[in-house]
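Since the structure comes first, as structure tokens, the remarks are kept for the end.
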Amino acid sequence: MSAAVQAPHLAAQWTSNNSGKDAKHLGELRERGLLQRRESSQRRCFSGVETWPELVWEDWELGKDFTKTLVLKNVDSKLQKLRFRPPVSKFFTTFFPQIIVLSPGISFSMPVTFRPLERCEYEDNVEFWGKDSTFRVTLRAATPRHSVEIPESVLLPLCAVQHSSRTTFLFRNASKLQTCFQWESVAPFHLSPERGLLKPGEQCQVAVVFRPQEALLHQQEARCKFGEEGQELENLCTVLLEGLAKYPYLQLKSSDRKQEVDSAALHLGSVPVGVSVQKHFDVTNPSPMMTSFSLSRLPGASPLLGSEFSCDLTNGEVAPGASLRVTVTYAPLAADAVSVDYLSLNYPGALSKALLKLTGKCVGPVVTLSSPAVDFGCVEQGEEVVRSVELLNASPAEAVYQWDLDCSGHSVFTIEPAGGALRPHSRATLKVVYRPTHPIAHYRRVACLILHKDPVFLDLIGTCHLELQQPALLRPRHLALYRRHRHRGLAQYPPDLLGAMLLDCKLQLDQQGALCLPEENPDQEVDSVSVMDNSPMEEYHQACSGGMAPLSAASFSSSPHVTVQPAELLFNHGPSPSSSSSSSASRSVSITNHTKGKLSLLWTVAQDSPFSVSPVSCDLGPLKCTSFRVTYDPQQLNTLHGAQLECFAVYKILRDHRQVDERLLCPPWCVTVRVIGHSFQPGKEHFIPRCSLLHPLVVFPALSVPAYRTVLLHNSGDLPLTFYLDPDQVPDHGPDPTQAASVLMVPGCGSIHPGEHQILTLASTPTEDSPKEGFSMSLQLNAAKHTQELIVVSVAEQPCVSMEGESGLYFQPTAVGSQSQRSHSIRNLSRLPLRFQWRICEEDQKIIAVHPDSGELLPNESAVQTWSFSPLEETTHTRTCDLTFWPTQNPGCKESSLSLKVTGMGAKGVIQAENAVQDLGEMLVGGCQSFEVPLVNRSLCAVSFCLTAQQTLQDEELIYDPNTEPNAFQLDAARGTIASCSRMLVRSTVTPHRRGRYQWTISYQTLSSTGCVLSTMQMLCEVRAEGVFPTLQVTDARGGGSVDGLSKVRLWNLFSLDGLNEHLLSSPAPSELTYGTPTRHSVRRCPSTFTTAVVDVNFSAAPLGSEPATVLLLFDNPGSIPVDWAFLFPKDQQIELEYWTETGEFSSTELSQMKIQDNHLFSISPSSGTLQPGQQRAVHFSYRHEFVGTDRLPILFKLSHGREIQLNFQGVTVERDRPYLHYTSSRHVFTPIAIGGFSPPRQVYELYNGGGVPLHYHLDTAPLKQLQVDNFNQPVLCCLNPEGEVLPGKTAQLEWLLAPLEAKMYRVNVPIHIQDGESMVVSFEGCGFDARVSGSPGPHHLHGAQPSVPCVQRVPLPGQELFLSEERIVLGDIPVCSRPTRILFLNNVSNTDTVHYAWDNQQVVQIHPERGTLCPGEGALFVLTLTASGSPAIYQQDLTCQITQKEALTRYQDALQRWEEEQERQRNEFTITEKDLNDASGTTVNKEHPVVVRSELPVRKYKTLPPIRSSSSIGILTGMCARPTRAERRAQREAAAVWRRPEPPRPARLHLGVTARSHSLLEYQKLFPDQLNKHYVYRPPQDTSPSPQASSSSTPLHAAGLPPLIHGPQRQIVTQILGSLLRSVLDDPSFGQALVDGASEPIPYFSQLRETSPPRASPSISSPPSHRETPPPPASLSISSPPSLRESPLPPASPSMSSPPSLRETPPPPASPSISSPPSLRETPPPPASPSISSPPSLASPCPPSAYIHPTPPPHCAPDGTGFGRRERRHPVAGGVGVEGGPSRKRQQTKSMPHMQRAQNTHHVHSQQNIVHVENMQHSQCTEQPSQSMQEDPVQDSMHRSREFSDLCEDILLNTVQNIMMEAFHGELILTARPRIITLPPVSTRRPGSSTRRISRGVAESEKHLDPARVNSRNQQGLDLQSHHTSSLP
């Protein structure tokens, strides 16, 4: 491995302890060693003195003195005086204590002597102290001890499992002693050296070897024991060894394709025989660690003599991320053979193995002749004829050839060249020569021997004629007939005999003219000719063997016709005694005639040949044999000779063509005898052969059939070469000596000329008993002892096949009717190519199948078959299948077989879905969402299924055809298979095509292996989704700038936000989806739109130069998908073209839009964005008033993949001096009114002044009069204020009355004229409806309330600091003369600014307090009261609150004060100079701005005309028009120098919209019978007479003799006096006790004062309604119904619910007057900023206190329960108000309202408690004694029926609710908490001293100064109130 990557070498020093034991705290010792080295080597500075922190003595001996010097140096700039304390021990000594004076930069040396007495450690110190500090120097003497330094941890390189990595670390002896060490390591770490000895200061490298066996993070501590040599090593140190091990992974990749080839094949292609080819593959290591590997062949079958594949690399190491190239060499030797081998990649720790299949094919030469025969025709004897023939090689292998023909004159035919090499894909032209020597027909079939291939035969035909002897002419067609005759056995008969048989009809001619027997079928025989003929090698061996079968006669199809024996003759090669006496020799050969005719034998004689035959010719009878003598007579000594003698045998009758029929012509037979000899004399050395034998190793196929191989013997010398194979050296087949040799070589002898070669063919029939290593054959060369060895392997093997899995195949459980598959491999372990066949019985074939069931296996090849198991029932199947195989080359041999046991189980499978319902939520229409449906198979078998999805739309309003509706649900894989007990995710895609709720029901059917359905449709799950489009909606709108004065409702209508929201929430048209995203699609400046949704956006009107109209819209994404939106101006939709494409001709619309866009009159910020679901975004719209006129610009509001809405922006800019009335629309629709009514409501139409000057308007009432005339002179529609004036930026309301006569629509066009302005015709429409008709379109309720306009502000304006709790209050339908009330809150969200506010109250709607101040973070409560008039009306009021920052207001007041002081100074001071007297122009003083302005402009007769521009736009358009003149610039500078009057800061505005509709009492009672008792009807004073006396005399109080109570100073005086009296009375505890006691009296004494007759009972509409309603939430709580507030479960825990503001800890501010009490009741002036609420009006009532405790109820206390008498049930409120309210509640109030006083709490609290309690007692008695209620005093009756009394009761409850809401606002009370009912124990069980009532802090402090009796009385009173009622606590 490479060098180590060590951990941080923070060497730790390990030291032995004193006792020699193991160190317990190794970490402390390690740290201590580090500190010791640092401190000893560095000097430190102590208060300006530099010295060593310690002195250490290490090398010391007993009884000696050792001195060291301590140097002190002053590094400070001041003089240092030091005192020191010497060491306290006797072992360290130094100077006597003295003062050391150190000047700056001076050093002082102080010797310290150490004198040891025993061997141990010593430690002491010297203490120094100066003027400011003290420090010590440690003195230490250490004994010598063993110490070593090692790193704390060692990190080894990343290592592969079962590999090793190595690193080293430094191990040092840090002591001055010789140290012996010994390491103890734990696997997988090993350290070396394990032990050793280190001298002092010596260090050594310790090697760490990491050999992991698992893929883990290994951490082990290696322990090292060290100490004295020869003793027990007791000291110990440790080092942490860390190493990470991972599994290795290697890949095999092809070098050319760079792809992984695991378990694949590397094809080396077709390689010529004798040629080697190389290919490469890479071993890649993608892992991060070094990995070693080895390449080996797959064990099993291996070739006998090695593989034809070889690798240059069999093992190695691959670095991380690197590759190693391996070269594979393929060198085949056997032609036309396919080689297969397997390489296995093995590496330690591998989880899997990679196999590489190596395949290659050996290609031999493919040699053909241009013509199979050469016909020389008829040639005269002695002549020579030459023909040519081409030899072609069509393969990539080189072809080495040799003709088996003696071209030295011993044959009538000669071929030149006789041998050679033919290059790949080439051809050679051969010359064939014919020299006949006898007048006969010559025919010889010459073999062309090809190395590694079968020979090719050439038929040579020629006929020799003499003048007197002319044999029959032989033609090629005769050869075809001869082959047929030979196959049919007729060639053994002479032609004359065949002719006679043909004449005798014993023979007949076939279609080709050949003879055949009559009973034979010639067609069938023709087809079998090619099959039954011998192979080329067999034919060649038969010819070379003299016509006899070389190996076995059974291998040849027919018997020979002529044979010669022996076929080879050797001269002088044996130990013949005659070889030494004479050089000539002779041998005899015999020729046998096997035919039925007489033959003529003719030998070819060669001139000057040492070989001769005698006789040269003779005749041979049928079936006879004759002998010839071959003589060898060399003419030259000491040389080698060889030849091939040729003899032709022909039927004698054929020598005369006249004696034979041409159809019966038979070609002659040619036999050859091969002869060799030498003429070397005895003792003479023969030639030394120089030859080479190509492929001396000959391997025959392992099959017991004749096989042939070729070998090339090449004579590379310059002398002739003879060879000879001794047959005695060839082993026999068996022990039988009569059997032929097992190997036959042809030719067995021969002669090779120098530079030429001889192709030897070997034939053998392998046997099983042959030696597997082969045997050797020696070729004798040159008739001497020179030999050439040839090794032959001829071993027969039995076919051998191995199976995977030990002859067993197991299938997993399979569904019945389905199919499971498994792969199974077989391998051919023999050297034979085999054919195999699987045999399965017919019954088992129904459930078991294999593919392929047959095939061929090459040697060493593996084949994989796929087995299929298809069970038909639920059971376990076990079957046995047989594999039969046999050699491919011998199909008829005995077959071998193997058995395979197949086991499988059938089961039934069911699948389920994990989720029965899968909801995808909302999706974008047209979008695509992919999801996965999890399917679970809990059965034992795999299940094949087919899924279907049925679509339904759940929206009832959608109309669609299921047959034509596209399916939005797509399954990526509708078919599949789930394995057993597994989970599968089916990926699906949903693409909704329309807006709606989709539901898809997914069902499945189980399938068989062939795809057939096995079960019915079964439901899996349901998938739901909702197709939606991107939606936005405007949830809030705010106006600023020039539209600051517009209400939210008007702004909502100007921007048509209702229509915009309707379009945004609706579905887009298909044309709007042409472009899914904002795209530049038009080349025009006014792009075309694809939408019909058009919304008008009106920015109202403003004078020129006004602030831009700014509108802030809050867009909200209510959907569940993100929305991309964009506002596209026309230029954003235009495609940018080149400048030359502009024509320069623009329309007026294009010019206007270009002006608007270039000057940015309309702007939107941001113009685009993305809103996530539920997200909000504020968008600023602005319009700049820079050009006079009306500006229009179409803007496209585009939602990506959603709606396109065209927004028509419109803004109007008016000249400053021009009156302009802005109309939102030219059409107005009134609220529908029911016909038949007597009091139609007043309706309002608003007129907005968009100009800069006030305007006067008047309506032309002529159309209204005409409408009246047309409707029976009835005022159907009339305007109550047809003329008036509207201030700039304000709104005027036109009041209208619509009184329809018929249920129809009335329409009238009314001109509205403006003085000095333009007129406008507005179409007014009103609808009348019949309330009696069901389904009438007209509503009874409030119309025009616009619930879509938000009531709460959601988007703040920039810089806004105050926020209203509600911006719109919809009071709904109310009766006339009612006073509905709402409570609002105003919050200051600023943390720094104090803000002033002021409400602009109106006559109908009022808000109290009207003005005030809010500190940072403070809030205020407001009461809004709408006073409905006596006639029905529709109220649409807009109240504004002007907000000014206190800081800006203070600056304005300061500037105004300075300006006034300067004005006063200039008014009183003046300066007279001579210049003033002589100045003609004088001095002008501005009266309004009295600042002196001196005019320096000269007086001219004529003035320069100003530029032509608008008179009102001079100041605005200065920068846009011509440059001002010098005089103008001077005038501007002087005007800027004038000190003008400071302008007040412009206040911000908050708008509050109030909407209501009032009905007459009868109509309200009819339409809303359940709501009448919820309203308090206010009864104003009746002004029946013009004098106030008459008006006051008509009141009930005047009739009772009491003075009238009117609003004014009189009421204030009476209220103040009565309030003081009531407080004084209530402070008396005896009064409270009297009230308690009086409640228990059955008949009070003052009940006798009542009248005996009951008063007049008249129902009053103004009586308080029922009390059954629950109050609304505190943000808009209606307080106009006193009984309803009493019934609600309000918590009784706040003492401020009915107490006046003066009872709180801080008095209210003076700037905020009390809400419902007159100013006379305020005893202390309040501070400027307090939202507190003043005392209730009940304290200012003019009635005496006795009126509240009178038991006689007023007339409202009627038995029907609708009167005021039900207030006796409001005791919980009274009790809750006055009793509880402990210190904690009061402390919370103190924190939230820090400005309240705490002085008069006790007085007012108890007064208020008593008043409320007395009032409740009165109501209780009113209920308990109804019989006495009719005898009430008329004065009391008149008082209770009076308007003033009802108003006071209303004010009491209003004040109570205000206190409750204020406490809830400040967090002191939780109104929404769940109430709890607590029942108090009886009063008698409590003692006065054990009261647990919690009182406020102010009450407790006040009671400290009171009489204890009074305090106990009050406690008792509170207990009585608690026991009398049940408290409702939050």
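By order in the structure tokens, chains are A, B, ...; within a chain, residues start at 1; ligands start at 1, following the order shown.
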
I want to know what sits within 10 Å of region 403-406 of chain A, based on only C-alpha atoms, with residues of the same chain fewer than 4 positions away left out; could you give that as a short mmCIF file (atom, residue, chain, number, x, y, z; two decimals) with all heavy atoms, in the first residue's frame?
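Final file, part08.cif:
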data_model
loop_
_atom_site.label_atom_id
_atom_site.label_comp_id
_atom_site.auth_asym_id
_atom_site.auth_seq_id
_atom_site.Cartn_x
_atom_site.Cartn_y
_atom_site.Cartn_z
N HIS A 410 7.62 -38.34 -64.51
CA HIS A 410 7.03 -39.65 -64.28
C HIS A 410 5.53 -39.64 -64.49
O HIS A 410 4.86 -40.64 -64.21
CB HIS A 410 7.33 -40.10 -62.84
CG HIS A 410 8.79 -40.40 -62.62
ND1 HIS A 410 9.71 -39.44 -62.25
CD2 HIS A 410 9.50 -41.58 -62.76
CE1 HIS A 410 10.90 -39.99 -62.13
NE2 HIS A 410 10.81 -41.31 -62.45
N SER A 411 4.91 -38.54 -64.96
CA SER A 411 3.47 -38.46 -65.21
C SER A 411 3.25 -37.74 -66.51
O SER A 411 4.06 -36.90 -66.92
CB SER A 411 2.77 -37.73 -64.06
OG SER A 411 1.40 -37.58 -64.36
N VAL A 412 2.17 -38.15 -67.19
CA VAL A 412 1.83 -37.49 -68.45
C VAL A 412 1.29 -36.09 -68.21
O VAL A 412 1.21 -35.29 -69.14
CB VAL A 412 0.81 -38.32 -69.24
CG1 VAL A 412 1.43 -39.67 -69.63
CG2 VAL A 412 -0.47 -38.53 -68.46
N PHE A 413 0.89 -35.79 -66.95
CA PHE A 413 0.37 -34.48 -66.61
C PHE A 413 1.37 -33.76 -65.71
O PHE A 413 2.02 -34.39 -64.84
CB PHE A 413 -0.97 -34.57 -65.88
CG PHE A 413 -2.06 -35.20 -66.71
CD1 PHE A 413 -2.42 -36.53 -66.51
CD2 PHE A 413 -2.71 -34.47 -67.69
CE1 PHE A 413 -3.42 -37.10 -67.26
CE2 PHE A 413 -3.71 -35.06 -68.45
CZ PHE A 413 -4.08 -36.38 -68.24
N THR A 414 1.49 -32.50 -65.94
CA THR A 414 2.39 -31.66 -65.13
C THR A 414 1.66 -30.36 -64.77
O THR A 414 1.03 -29.75 -65.65
CB THR A 414 3.69 -31.34 -65.88
OG1 THR A 414 4.31 -32.58 -66.28
CG2 THR A 414 4.64 -30.56 -65.02
N ILE A 415 1.78 -29.98 -63.49
CA ILE A 415 1.19 -28.72 -63.02
C ILE A 415 2.31 -27.86 -62.46
O ILE A 415 3.12 -28.32 -61.64
CB ILE A 415 0.12 -28.98 -61.94
CG1 ILE A 415 -1.02 -29.84 -62.48
CG2 ILE A 415 -0.43 -27.66 -61.42
CD1 ILE A 415 -2.08 -30.18 -61.45
N GLU A 416 2.37 -26.68 -62.94
CA GLU A 416 3.37 -25.73 -62.48
C GLU A 416 2.68 -24.45 -62.01
O GLU A 416 1.83 -23.91 -62.73
CB GLU A 416 4.35 -25.42 -63.61
CG GLU A 416 5.14 -26.62 -64.10
CD GLU A 416 6.07 -26.27 -65.24
OE1 GLU A 416 6.02 -25.06 -65.65
OE2 GLU A 416 6.78 -27.14 -65.73
N PRO A 417 3.04 -24.00 -60.79
CA PRO A 417 3.93 -24.63 -59.82
C PRO A 417 3.21 -25.76 -59.10
O PRO A 417 2.00 -25.76 -58.96
CB PRO A 417 4.27 -23.49 -58.87
CG PRO A 417 3.09 -22.60 -58.91
CD PRO A 417 2.56 -22.68 -60.32
N ALA A 418 4.02 -26.68 -58.61
CA ALA A 418 3.46 -27.85 -57.95
C ALA A 418 3.08 -27.57 -56.50
O ALA A 418 2.39 -28.38 -55.88
CB ALA A 418 4.45 -29.00 -58.00
N GLY A 419 3.47 -26.47 -55.94
CA GLY A 419 3.14 -26.11 -54.55
C GLY A 419 3.46 -24.66 -54.28
O GLY A 419 4.14 -23.98 -55.05
N GLY A 420 2.98 -24.18 -53.14
CA GLY A 420 3.23 -22.79 -52.78
C GLY A 420 2.24 -22.31 -51.72
O GLY A 420 1.52 -23.09 -51.10
N ARG A 444 -6.73 -38.59 -64.90
CA ARG A 444 -6.17 -38.66 -63.54
C ARG A 444 -6.83 -37.60 -62.67
O ARG A 444 -6.92 -36.44 -63.05
CB ARG A 444 -4.66 -38.48 -63.56
CG ARG A 444 -4.05 -38.65 -62.16
CD ARG A 444 -2.55 -38.67 -62.20
NE ARG A 444 -1.99 -38.82 -60.86
CZ ARG A 444 -0.71 -38.88 -60.57
NH1 ARG A 444 0.20 -38.83 -61.58
NH2 ARG A 444 -0.30 -39.00 -59.34
N ARG A 445 -7.25 -38.04 -61.50
CA ARG A 445 -7.86 -37.13 -60.51
C ARG A 445 -6.76 -36.74 -59.52
O ARG A 445 -6.38 -37.51 -58.64
CB ARG A 445 -9.01 -37.81 -59.78
CG ARG A 445 -9.80 -36.91 -58.86
CD ARG A 445 -11.02 -37.65 -58.33
NE ARG A 445 -11.78 -36.84 -57.37
CZ ARG A 445 -12.68 -35.91 -57.67
NH1 ARG A 445 -12.93 -35.68 -58.98
NH2 ARG A 445 -13.30 -35.25 -56.73
N VAL A 446 -6.23 -35.50 -59.72
CA VAL A 446 -5.09 -35.03 -58.95
C VAL A 446 -5.59 -34.27 -57.73
O VAL A 446 -6.48 -33.41 -57.84
CB VAL A 446 -4.18 -34.14 -59.81
CG1 VAL A 446 -2.96 -33.70 -59.03
CG2 VAL A 446 -3.77 -34.88 -61.08
N ALA A 447 -5.03 -34.57 -56.59
CA ALA A 447 -5.41 -33.90 -55.33
C ALA A 447 -4.49 -32.72 -55.06
O ALA A 447 -3.26 -32.86 -55.17
CB ALA A 447 -5.35 -34.88 -54.17
N CYS A 448 -5.07 -31.63 -54.76
CA CYS A 448 -4.32 -30.43 -54.32
C CYS A 448 -4.44 -30.37 -52.79
O CYS A 448 -5.51 -30.06 -52.23
CB CYS A 448 -4.90 -29.16 -54.96
SG CYS A 448 -4.03 -27.64 -54.45
N LEU A 449 -3.35 -30.67 -52.10
CA LEU A 449 -3.36 -30.69 -50.64
C LEU A 449 -3.34 -29.25 -50.08
O LEU A 449 -2.52 -28.43 -50.52
CB LEU A 449 -2.16 -31.48 -50.12
CG LEU A 449 -2.06 -32.94 -50.62
CD1 LEU A 449 -0.82 -33.58 -50.05
CD2 LEU A 449 -3.31 -33.71 -50.23
N ILE A 450 -4.23 -28.99 -49.16
CA ILE A 450 -4.33 -27.67 -48.52
C ILE A 450 -4.03 -27.86 -47.03
O ILE A 450 -4.62 -28.73 -46.38
CB ILE A 450 -5.72 -27.04 -48.69
CG1 ILE A 450 -6.14 -27.05 -50.17
CG2 ILE A 450 -5.75 -25.62 -48.13
CD1 ILE A 450 -5.26 -26.22 -51.05
N PRO A 455 -8.33 -31.66 -49.12
CA PRO A 455 -7.76 -31.41 -50.45
C PRO A 455 -8.83 -31.07 -51.49
O PRO A 455 -10.01 -31.37 -51.30
CB PRO A 455 -7.05 -32.72 -50.79
CG PRO A 455 -7.75 -33.74 -49.97
CD PRO A 455 -8.18 -33.06 -48.71
N VAL A 456 -8.37 -30.43 -52.52
CA VAL A 456 -9.21 -30.08 -53.66
C VAL A 456 -8.74 -30.90 -54.85
O VAL A 456 -7.54 -31.02 -55.12
CB VAL A 456 -9.12 -28.58 -53.97
CG1 VAL A 456 -9.97 -28.22 -55.17
CG2 VAL A 456 -9.54 -27.77 -52.76
N PHE A 457 -9.68 -31.49 -55.59
CA PHE A 457 -9.34 -32.39 -56.70
C PHE A 457 -9.57 -31.69 -58.03
O PHE A 457 -10.55 -30.95 -58.20
CB PHE A 457 -10.17 -33.66 -56.62
CG PHE A 457 -9.78 -34.55 -55.46
CD1 PHE A 457 -10.45 -34.43 -54.24
CD2 PHE A 457 -8.76 -35.47 -55.60
CE1 PHE A 457 -10.10 -35.24 -53.19
CE2 PHE A 457 -8.41 -36.28 -54.54
CZ PHE A 457 -9.07 -36.17 -53.32
N LEU A 458 -8.67 -32.00 -58.97
CA LEU A 458 -8.75 -31.49 -60.33
C LEU A 458 -8.72 -32.70 -61.27
O LEU A 458 -7.79 -33.52 -61.22
CB LEU A 458 -7.57 -30.56 -60.62
CG LEU A 458 -7.51 -29.99 -62.04
CD1 LEU A 458 -8.72 -29.10 -62.32
CD2 LEU A 458 -6.21 -29.20 -62.24
N TYR A 540 -8.41 -39.13 -50.94
CA TYR A 540 -6.98 -38.90 -51.12
C TYR A 540 -6.19 -40.03 -50.47
O TYR A 540 -5.21 -40.54 -51.05
CB TYR A 540 -6.60 -37.55 -50.54
CG TYR A 540 -5.11 -37.34 -50.44
CD1 TYR A 540 -4.32 -37.20 -51.59
CD2 TYR A 540 -4.48 -37.32 -49.20
CE1 TYR A 540 -2.95 -37.02 -51.50
CE2 TYR A 540 -3.12 -37.12 -49.10
CZ TYR A 540 -2.36 -36.97 -50.24
OH TYR A 540 -0.99 -36.80 -50.15
N CYS A 544 -3.64 -42.66 -52.28
CA CYS A 544 -2.25 -42.78 -51.88
C CYS A 544 -1.92 -44.17 -51.33
O CYS A 544 -0.75 -44.55 -51.23
CB CYS A 544 -1.89 -41.72 -50.84
SG CYS A 544 -1.93 -40.04 -51.46
N GLY A 642 13.83 -39.43 -55.34
CA GLY A 642 12.45 -39.75 -55.02
C GLY A 642 11.58 -39.51 -56.23
O GLY A 642 11.85 -38.63 -57.05
N ALA A 643 10.52 -40.30 -56.34
CA ALA A 643 9.64 -40.16 -57.49
C ALA A 643 8.31 -40.81 -57.18
O ALA A 643 8.16 -41.57 -56.20
CB ALA A 643 10.26 -40.80 -58.72
N GLN A 644 7.31 -40.45 -58.03
CA GLN A 644 5.98 -41.03 -57.94
C GLN A 644 5.68 -41.66 -59.30
O GLN A 644 5.48 -40.97 -60.29
CB GLN A 644 4.93 -39.96 -57.59
CG GLN A 644 3.55 -40.55 -57.36
CD GLN A 644 2.53 -39.45 -57.03
OE1 GLN A 644 2.81 -38.29 -57.28
NE2 GLN A 644 1.38 -39.85 -56.52
N LEU A 645 5.69 -43.02 -59.34
CA LEU A 645 5.50 -43.74 -60.57
C LEU A 645 4.03 -43.86 -60.86
O LEU A 645 3.21 -44.06 -59.96
CB LEU A 645 6.14 -45.13 -60.46
CG LEU A 645 7.63 -45.13 -60.05
CD1 LEU A 645 8.15 -46.57 -59.97
CD2 LEU A 645 8.46 -44.32 -61.03
N GLU A 646 3.69 -43.76 -62.17
CA GLU A 646 2.29 -43.65 -62.59
C GLU A 646 1.98 -44.81 -63.54
O GLU A 646 2.73 -45.10 -64.46
CB GLU A 646 2.08 -42.32 -63.28
CG GLU A 646 0.68 -42.09 -63.80
CD GLU A 646 0.61 -40.76 -64.54
OE1 GLU A 646 1.24 -40.63 -65.61
OE2 GLU A 646 -0.07 -39.83 -64.05
N THR A 672 -0.57 -45.14 -58.42
CA THR A 672 0.76 -44.59 -58.28
C THR A 672 1.51 -45.35 -57.22
O THR A 672 0.94 -45.92 -56.29
CB THR A 672 0.71 -43.09 -57.88
OG1 THR A 672 0.02 -42.97 -56.64
CG2 THR A 672 0.03 -42.28 -58.96
N ARG A 674 4.92 -44.59 -54.80
CA ARG A 674 5.87 -43.57 -54.37
C ARG A 674 7.17 -44.28 -53.97
O ARG A 674 7.14 -45.23 -53.17
CB ARG A 674 5.31 -42.80 -53.17
CG ARG A 674 6.01 -41.49 -52.92
CD ARG A 674 5.33 -40.75 -51.77
NE ARG A 674 3.94 -40.47 -52.08
CZ ARG A 674 3.51 -39.35 -52.66
NH1 ARG A 674 4.37 -38.44 -53.03
NH2 ARG A 674 2.23 -39.17 -52.88
N PRO A 747 1.72 -38.73 -47.42
CA PRO A 747 2.50 -39.91 -47.82
C PRO A 747 3.43 -40.37 -46.71
O PRO A 747 3.90 -39.55 -45.91
CB PRO A 747 3.26 -39.43 -49.04
CG PRO A 747 3.44 -37.97 -48.80
CD PRO A 747 2.20 -37.52 -48.09
N GLN A 758 6.28 -30.22 -48.05
CA GLN A 758 5.43 -31.38 -48.24
C GLN A 758 4.34 -31.34 -47.17
O GLN A 758 4.62 -31.19 -45.98
CB GLN A 758 6.23 -32.68 -48.10
CG GLN A 758 5.39 -33.93 -48.17
CD GLN A 758 4.76 -34.15 -49.55
OE1 GLN A 758 5.46 -34.03 -50.57
NE2 GLN A 758 3.48 -34.45 -49.61
N ILE A 759 3.10 -31.44 -47.63
CA ILE A 759 1.96 -31.45 -46.70
C ILE A 759 1.66 -32.89 -46.37
O ILE A 759 1.37 -33.70 -47.26
CB ILE A 759 0.74 -30.76 -47.33
CG1 ILE A 759 1.04 -29.27 -47.58
CG2 ILE A 759 -0.47 -30.88 -46.39
CD1 ILE A 759 -0.10 -28.52 -48.22
#

Contact residues around region 343-349 of chain A with only C-alpha atoms at 6 Å, ignoring same-chain residues under 3 positions, as JSON, numbers by chain: {"A": [161, 162, 292, 293, 294, 295, 296, 297, 354, 355, 356]}

Two-atom distance - CA of Leu1622 (chain A), CA of Tyr1576 (chain A) (Å):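 If I compute the distance from CA of Leu1622 (chain A) to CA of Tyr1576 (chain A), I get 26.7 Å.
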
Spatial neighbours of Pro1068 (chain A), 8 Å, only C-alpha atoms, chain gap at least 6 places, as number ranges by chain: A: 1029, 1202-1204

Spatial neighbours of region 1558-1568 of chain A, max dist 10 Å, only C-alpha atoms, sep filter under 4 positions, as an NGL selection string: :A and (1237-1242 or 1340-1342 or 1371-1378 or 1428-1435 or 1572-1573 or 1577 or 1661)

Non-local contacts of region 933-935 of chain A (8 Å; only C-alpha atoms; under 2 positions in same chain excluded) as a list in words: Ile911, Gln912, Ala913, Glu914, Asn915, Phe931, Asn937, Arg983, Met984, Leu985, Val986, Arg987 and Ser988 of chain A

Contacts of region 392-402 of chain A at 10 Å (only C-alpha atoms; same-chain gap of 4+ positions) as a PyMOL selection string: chain A and resi 270-275+335+362-370+417-429+447-453+455-456+712+756-759
